[in-house]
Every structure is written in structure tokens, then in C-alpha cells.
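Enquirer: First, the structure itself, so that you have it in front of you.
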Amino acid sequence: MATLVIRDLDDDVKARLRVQAAENGRSMEAEARVLLAVAVSGRRPARGLGSYIRDQFAEIGGVDLDIPQRDEPARVTDFSA
């Protein structure tokens with residue numbers, strides 16, 4: 001195994017790494033190893049829920065809906081009453 005020394009690490013980054021490591025029950029060194037492994041693995045970061053749902057149903061295909069034309073303009077609601 002190789003050793004890596006990181007100099008001039010911002011104090012805020014170190015503090016956040018310490019907190020994240022504690023939340024995950026790991027040492028700072030173990031947390032840094034995990035973060036580096038994920039960063040260079042080529043995996044893309046998680047996306048939002050909408051993107052996830054779209055990807056789940058992508059092979060089924062979309063639906064073309066007939067949207068009727070409006071016969072009259074949209075009404076304005078009166079909240080003064």
C-alpha cells in the first residue's frame with residue numbers, strides 16, 4: 001500500500017472531514033481513503049429523485065398526451081371576499 005501526504009489542507013476541510021468520519025464511524029484516515037476511492041472510481045454522483053424515476057422508466061417509453069386547446073383565457077381568482 002502507498003502512503004499519501006496532503007499538505008496545506010484548509011482547516012475547514014479538515015474539520016468537515018473529521019465530522020463526516022465520526023458520522024460514518026471511521027477514522028479521518030479511513031474516511032479520506034473512502035472519499036478518494038469513490039472520487040477516482042469513475043462513478044457519477046447521485047442525481048435527484050426526478051432523474052432517478054425517469055431512468056427507471058426510460059425503456060418503457062413516454063406517453064404522448066393530447067392537450068386540448070383553451071377556448072377561453074384563464075380566469076383570475078378573486079380572493080377579496
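By order of appearance in the C-alpha cells: chains A, B, ..., then residues from 1 within every chain, and ligands from 1 in the order shown.
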Give me the residues within 10 Å of stretch 11-25 of chain A as a list in words, counting only C-alpha atoms and dropping any in the same chain fewer than 5 places off.

Expert: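 These residues fall inside the cut-off: Ala30, Glu31, Ala32, Val34 and Leu35 of chain A.
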
Enquirer: Next, the residues of the selection above should be written as a CSV table (one decimal), in the first residue's frame with C-alpha atoms.

Expert:
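Generated file (selection-v4.csv):
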chain,number,residue,atom,x,y,z
A,30,ALA,CA,-10.3,5.8,6.7
A,31,GLU,CA,-12.8,8.4,5.6
A,32,ALA,CA,-10.2,10.0,3.3
A,34,VAL,CA,-13.1,6.0,1.0
A,35,LEU,CA,-13.6,9.5,-0.4

Enquirer: Out of A:Arg70, A:Ala81, A:Arg33, A:Tyr52, which residue has the shortest atom-to-atom distance to A:Ala2 when counting only C-alpha atoms?

Expert: A:Arg33
